[in-house]
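Q: Quick one, start30.tsv (TSV, N, CA and C atoms):
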```
chain	number	residue	atom	x	y	z
A	121	MET	N	6.00	13.91	-9.05
A	121	MET	CA	4.87	13.14	-9.58
A	121	MET	C	4.14	12.48	-8.43
A	122	GLU	N	2.84	12.50	-8.51
A	122	GLU	CA	1.99	11.86	-7.50
A	122	GLU	C	1.63	10.45	-7.99
A	123	TYR	N	2.09	9.45	-7.24
A	123	TYR	CA	1.82	8.06	-7.60
A	123	TYR	C	0.50	7.61	-6.98
A	124	THR	N	-0.14	6.64	-7.63
A	124	THR	CA	-1.43	6.12	-7.17
A	124	THR	C	-1.34	4.60	-7.03
A	125	ILE	N	-2.44	4.01	-6.66
A	125	ILE	CA	-2.52	2.56	-6.49
A	125	ILE	C	-2.14	1.83	-7.77
A	126	ASN	N	-2.34	2.45	-8.91
A	126	ASN	CA	-2.01	1.83	-10.19
A	126	ASN	C	-0.50	1.75	-10.43
A	127	ASP	N	0.29	2.45	-9.63
A	127	ASP	CA	1.73	2.52	-9.83
A	127	ASP	C	2.53	1.66	-8.85
A	128	ILE	N	1.88	0.84	-8.05
A	128	ILE	CA	2.61	0.16	-6.97
A	128	ILE	C	3.65	-0.82	-7.51
A	129	GLU	N	3.36	-1.53	-8.59
A	129	GLU	CA	4.35	-2.45	-9.15
A	129	GLU	C	5.54	-1.67	-9.72
A	130	LYS	N	5.23	-0.56	-10.37
A	130	LYS	CA	6.27	0.28	-10.96
A	130	LYS	C	7.22	0.81	-9.88
A	131	ILE	N	6.68	1.20	-8.76
A	131	ILE	CA	7.49	1.76	-7.67
A	131	ILE	C	8.50	0.74	-7.17
A	132	THR	N	8.07	-0.51	-7.01
A	132	THR	CA	8.98	-1.53	-6.49
A	132	THR	C	10.10	-1.85	-7.47
A	133	GLU	N	9.93	-1.53	-8.73
A	133	GLU	CA	10.94	-1.82	-9.74
A	133	GLU	C	11.94	-0.68	-9.94
A	134	PHE	N	11.72	0.47	-9.32
A	134	PHE	CA	12.65	1.59	-9.49
A	134	PHE	C	14.03	1.20	-8.98
A	135	LYS	N	15.04	1.31	-9.83
A	135	LYS	CA	16.41	0.96	-9.46
A	135	LYS	C	17.10	2.10	-8.72
A	136	SER	N	16.71	3.33	-9.00
A	136	SER	CA	17.39	4.49	-8.41
A	136	SER	C	16.85	4.85	-7.03
A	137	TRP	N	15.76	4.23	-6.60
A	137	TRP	CA	15.18	4.53	-5.29
A	137	TRP	C	15.69	3.53	-4.26
A	138	SER	N	15.92	4.03	-3.05
A	138	SER	CA	16.28	3.14	-1.95
A	138	SER	C	15.03	2.38	-1.51
A	139	ASP	N	15.25	1.28	-0.79
A	139	ASP	CA	14.12	0.52	-0.27
A	139	ASP	C	13.25	1.37	0.64
A	140	LYS	N	13.88	2.21	1.45
A	140	LYS	CA	13.13	3.08	2.36
A	140	LYS	C	12.22	4.03	1.58
A	141	LYS	N	12.74	4.61	0.50
A	141	LYS	CA	11.94	5.54	-0.29
A	141	LYS	C	10.76	4.82	-0.95
A	142	LYS	N	10.99	3.60	-1.42
A	142	LYS	CA	9.91	2.82	-2.03
A	142	LYS	C	8.81	2.53	-1.00
A	143	ILE	N	9.22	2.08	0.18
A	143	ILE	CA	8.25	1.76	1.23
A	143	ILE	C	7.51	3.02	1.66
A	144	ASP	N	8.23	4.13	1.81
A	144	ASP	CA	7.59	5.39	2.20
A	144	ASP	C	6.53	5.80	1.19
A	145	GLU	N	6.83	5.68	-0.09
A	145	GLU	CA	5.86	6.07	-1.13
A	145	GLU	C	4.66	5.12	-1.14
A	146	LEU	N	4.90	3.84	-0.96
A	146	LEU	CA	3.79	2.88	-0.90
A	146	LEU	C	2.89	3.17	0.30
A	147	LEU	N	3.49	3.50	1.43
A	147	LEU	CA	2.68	3.84	2.62
A	147	LEU	C	1.95	5.17	2.44
A	148	ARG	N	2.52	6.10	1.68
A	148	ARG	CA	1.83	7.36	1.40
A	148	ARG	C	0.58	7.07	0.57
A	149	ILE	N	0.70	6.19	-0.40
A	149	ILE	CA	-0.45	5.81	-1.22
A	149	ILE	C	-1.51	5.14	-0.34
A	150	ASP	N	-1.07	4.25	0.55
A	150	ASP	CA	-1.99	3.58	1.47
A	150	ASP	C	-2.72	4.60	2.34
A	151	CYS	N	-1.99	5.54	2.86
A	151	CYS	CA	-2.58	6.59	3.70
A	151	CYS	C	-3.62	7.39	2.90
A	152	ASP	N	-3.30	7.68	1.66
A	152	ASP	CA	-4.21	8.44	0.81
A	152	ASP	C	-5.52	7.68	0.59
A	153	LEU	N	-5.44	6.36	0.49
A	153	LEU	CA	-6.66	5.55	0.32
A	153	LEU	C	-7.63	5.79	1.47
A	154	TYR	N	-7.09	5.79	2.69
A	154	TYR	CA	-7.95	5.89	3.86
A	154	TYR	C	-8.37	7.33	4.16
A	155	THR	N	-7.54	8.30	3.80
A	155	THR	CA	-7.94	9.69	4.05
A	155	THR	C	-9.03	10.13	3.09
A	156	ASN	N	-9.19	9.43	1.99
A	156	ASN	CA	-10.26	9.76	1.05
A	156	ASN	C	-11.58	9.09	1.41
A	157	LEU	N	-11.57	8.24	2.43
A	157	LEU	CA	-12.82	7.66	2.91
A	157	LEU	C	-13.45	8.61	3.93
A	158	GLY	N	-14.74	8.59	3.99
A	158	GLY	CA	-15.44	9.43	4.96
A	158	GLY	C	-16.63	8.68	5.54
A	159	ILE	N	-17.39	9.38	6.36
A	159	ILE	CA	-18.55	8.73	6.98
A	159	ILE	C	-19.61	8.37	5.95
A	160	ASP	N	-19.56	9.02	4.78
A	160	ASP	CA	-20.53	8.72	3.73
A	160	ASP	C	-20.04	7.64	2.77
A	161	SER	N	-18.87	7.06	3.02
A	161	SER	CA	-18.34	6.01	2.15
A	161	SER	C	-19.15	4.73	2.31
A	162	THR	N	-19.36	4.07	1.21
A	162	THR	CA	-20.13	2.83	1.24
A	162	THR	C	-19.26	1.68	1.74
A	163	LYS	N	-19.90	0.59	2.09
A	163	LYS	CA	-19.18	-0.58	2.55
A	163	LYS	C	-18.26	-1.09	1.45
A	164	SER	N	-18.71	-1.06	0.21
A	164	SER	CA	-17.88	-1.53	-0.90
A	164	SER	C	-16.65	-0.64	-1.10
A	165	GLU	N	-16.80	0.66	-0.88
A	165	GLU	CA	-15.64	1.57	-0.97
A	165	GLU	C	-14.63	1.26	0.12
A	166	ARG	N	-15.10	0.98	1.32
A	166	ARG	CA	-14.19	0.63	2.42
A	166	ARG	C	-13.51	-0.71	2.16
A	167	LEU	N	-14.25	-1.67	1.63
A	167	LEU	CA	-13.66	-2.97	1.29
A	167	LEU	C	-12.63	-2.84	0.17
A	168	GLU	N	-12.89	-1.97	-0.79
A	168	GLU	CA	-11.94	-1.73	-1.89
A	168	GLU	C	-10.65	-1.11	-1.35
A	169	ALA	N	-10.76	-0.18	-0.41
A	169	ALA	CA	-9.57	0.42	0.20
A	169	ALA	C	-8.77	-0.64	0.95
A	170	ARG	N	-9.46	-1.51	1.64
A	170	ARG	CA	-8.78	-2.59	2.38
A	170	ARG	C	-8.09	-3.55	1.42
A	171	LYS	N	-8.75	-3.88	0.32
A	171	LYS	CA	-8.17	-4.76	-0.69
A	171	LYS	C	-6.91	-4.13	-1.30
A	172	ASN	N	-6.98	-2.84	-1.57
A	172	ASN	CA	-5.82	-2.15	-2.12
A	172	ASN	C	-4.68	-2.07	-1.10
A	173	SER	N	-5.01	-1.93	0.17
A	173	SER	CA	-3.99	-1.93	1.22
A	173	SER	C	-3.26	-3.26	1.23
A	174	ARG	N	-4.00	-4.33	1.09
A	174	ARG	CA	-3.39	-5.67	1.07
A	174	ARG	C	-2.41	-5.77	-0.10
A	175	LYS	N	-2.78	-5.22	-1.27
A	175	LYS	CA	-1.88	-5.23	-2.43
A	175	LYS	C	-0.60	-4.46	-2.11
A	176	ILE	N	-0.77	-3.32	-1.48
A	176	ILE	CA	0.39	-2.48	-1.12
A	176	ILE	C	1.28	-3.22	-0.15
A	177	TYR	N	0.70	-3.85	0.85
A	177	TYR	CA	1.50	-4.56	1.85
A	177	TYR	C	2.23	-5.76	1.23
A	178	ARG	N	1.62	-6.38	0.25
A	178	ARG	CA	2.31	-7.48	-0.45
A	178	ARG	C	3.51	-6.95	-1.23
A	179	GLN	N	3.36	-5.77	-1.83
A	179	GLN	CA	4.49	-5.16	-2.54
A	179	GLN	C	5.59	-4.80	-1.55
A	180	ILE	N	5.21	-4.28	-0.39
A	180	ILE	CA	6.19	-3.95	0.64
A	180	ILE	C	6.91	-5.22	1.08
A	181	LYS	N	6.19	-6.32	1.18
A	181	LYS	CA	6.78	-7.59	1.59
A	181	LYS	C	7.85	-8.04	0.59
A	182	GLN	N	7.70	-7.71	-0.68
A	182	GLN	CA	8.72	-8.03	-1.68
A	182	GLN	C	10.00	-7.22	-1.45
A	183	ILE	N	9.84	-6.02	-0.92
A	183	ILE	CA	10.99	-5.15	-0.66
A	183	ILE	C	11.64	-5.52	0.66
A	184	ASP	N	10.83	-5.62	1.71
A	184	ASP	CA	11.32	-5.97	3.04
A	184	ASP	C	10.33	-6.98	3.63
A	185	HIS	N	10.75	-8.22	3.66
A	185	HIS	CA	9.85	-9.31	4.06
A	185	HIS	C	9.24	-9.09	5.45
A	186	LYS	N	10.06	-8.72	6.42
A	186	LYS	CA	9.57	-8.58	7.79
A	186	LYS	C	8.54	-7.47	7.92
A	187	ILE	N	8.83	-6.30	7.39
A	187	ILE	CA	7.90	-5.17	7.50
A	187	ILE	C	6.59	-5.50	6.80
A	188	GLY	N	6.67	-5.99	5.57
A	188	GLY	CA	5.46	-6.33	4.82
A	188	GLY	C	4.64	-7.40	5.50
A	189	ASN	N	5.32	-8.41	6.02
A	189	ASN	CA	4.63	-9.49	6.72
A	189	ASN	C	3.96	-8.96	7.99
A	190	ASP	N	4.64	-8.08	8.72
A	190	ASP	CA	4.04	-7.49	9.92
A	190	ASP	C	2.77	-6.73	9.60
A	191	PHE	N	2.77	-5.95	8.52
A	191	PHE	CA	1.56	-5.22	8.12
A	191	PHE	C	0.43	-6.20	7.79
A	192	LEU	N	0.75	-7.26	7.07
A	192	LEU	CA	-0.28	-8.23	6.69
A	192	LEU	C	-0.84	-8.96	7.91
A	193	VAL	N	0.01	-9.30	8.87
A	193	VAL	CA	-0.45	-9.98	10.08
A	193	VAL	C	-1.39	-9.08	10.87
A	194	VAL	N	-1.01	-7.82	11.02
A	194	VAL	CA	-1.86	-6.88	11.78
A	194	VAL	C	-3.18	-6.68	11.05
A	195	MET	N	-3.14	-6.64	9.73
A	195	MET	CA	-4.38	-6.45	8.96
A	195	MET	C	-5.32	-7.63	9.17
A	196	ASP	N	-4.77	-8.83	9.30
A	196	ASP	CA	-5.60	-10.02	9.47
A	196	ASP	C	-6.18	-10.13	10.89
A	197	THR	N	-5.67	-9.39	11.85
A	197	THR	CA	-6.19	-9.45	13.20
A	197	THR	C	-7.36	-8.52	13.42
A	198	ASP	N	-7.66	-7.67	12.44
A	198	ASP	CA	-8.81	-6.74	12.58
A	198	ASP	C	-10.11	-7.46	12.47
```
The structure in this file should be written as structure tokens.

A:
Amino acid sequence: MEYTINDIEKITEFKSWSDKKKIDELLRIDCDLYTNLGIDSTKSERLEARKNSRKIYRQIKQIDHKIGNDFLVVMDTD
């Protein structure tokens, strides 16, 4: 099954998945957000992708505080 941004809360609640698998899937969704952007993407589309990335990183922070926090810190330095 291909998960999307709408599934990020569900992914963190999976009991049968390891933390690594959850983080990997969340990062795959994040990667997909940015690979679907192009030079013709509007500013609002780019801002929406960034907003969704922040949601994903917050979910990762619930799984592994250090990794999620590191992603959020780096995002804030851009």

Q: How far is it from atom C of Lys175 (chain A) to atom N of Glu129 (chain A), in Å with one decimal?

A: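 Going from atom C of Lys175 (chain A) over to atom N of Glu129 (chain A) covers 8.1 Å.
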
Q: At a cut-off of 9 Å, using only C-alpha atoms, what residues contact region 146-151 of chain A? Leave out same-chain residues fewer than 5 positions from it and give the result as JSON, numbers by chain.

A: {"A": [123, 124, 125, 128, 131, 132, 141, 156, 169, 172, 173, 176, 177, 179, 180]}

Q: Using all atoms listed in the file, pick whichever of A:Asp196, A:Lys181, A:Asp144, A:Leu153 has the shortest atom-to-atom distance to Glu168 (chain A).

A: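 Closest residue, counting all atoms listed in the file: A:Leu153.
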
Q: Pick the closest to Asn189 (chain A) from A:Lys135, A:Arg166, A:Lys142, A:Arg174: which is it, counting only C-alpha atoms?

A: A:Arg174
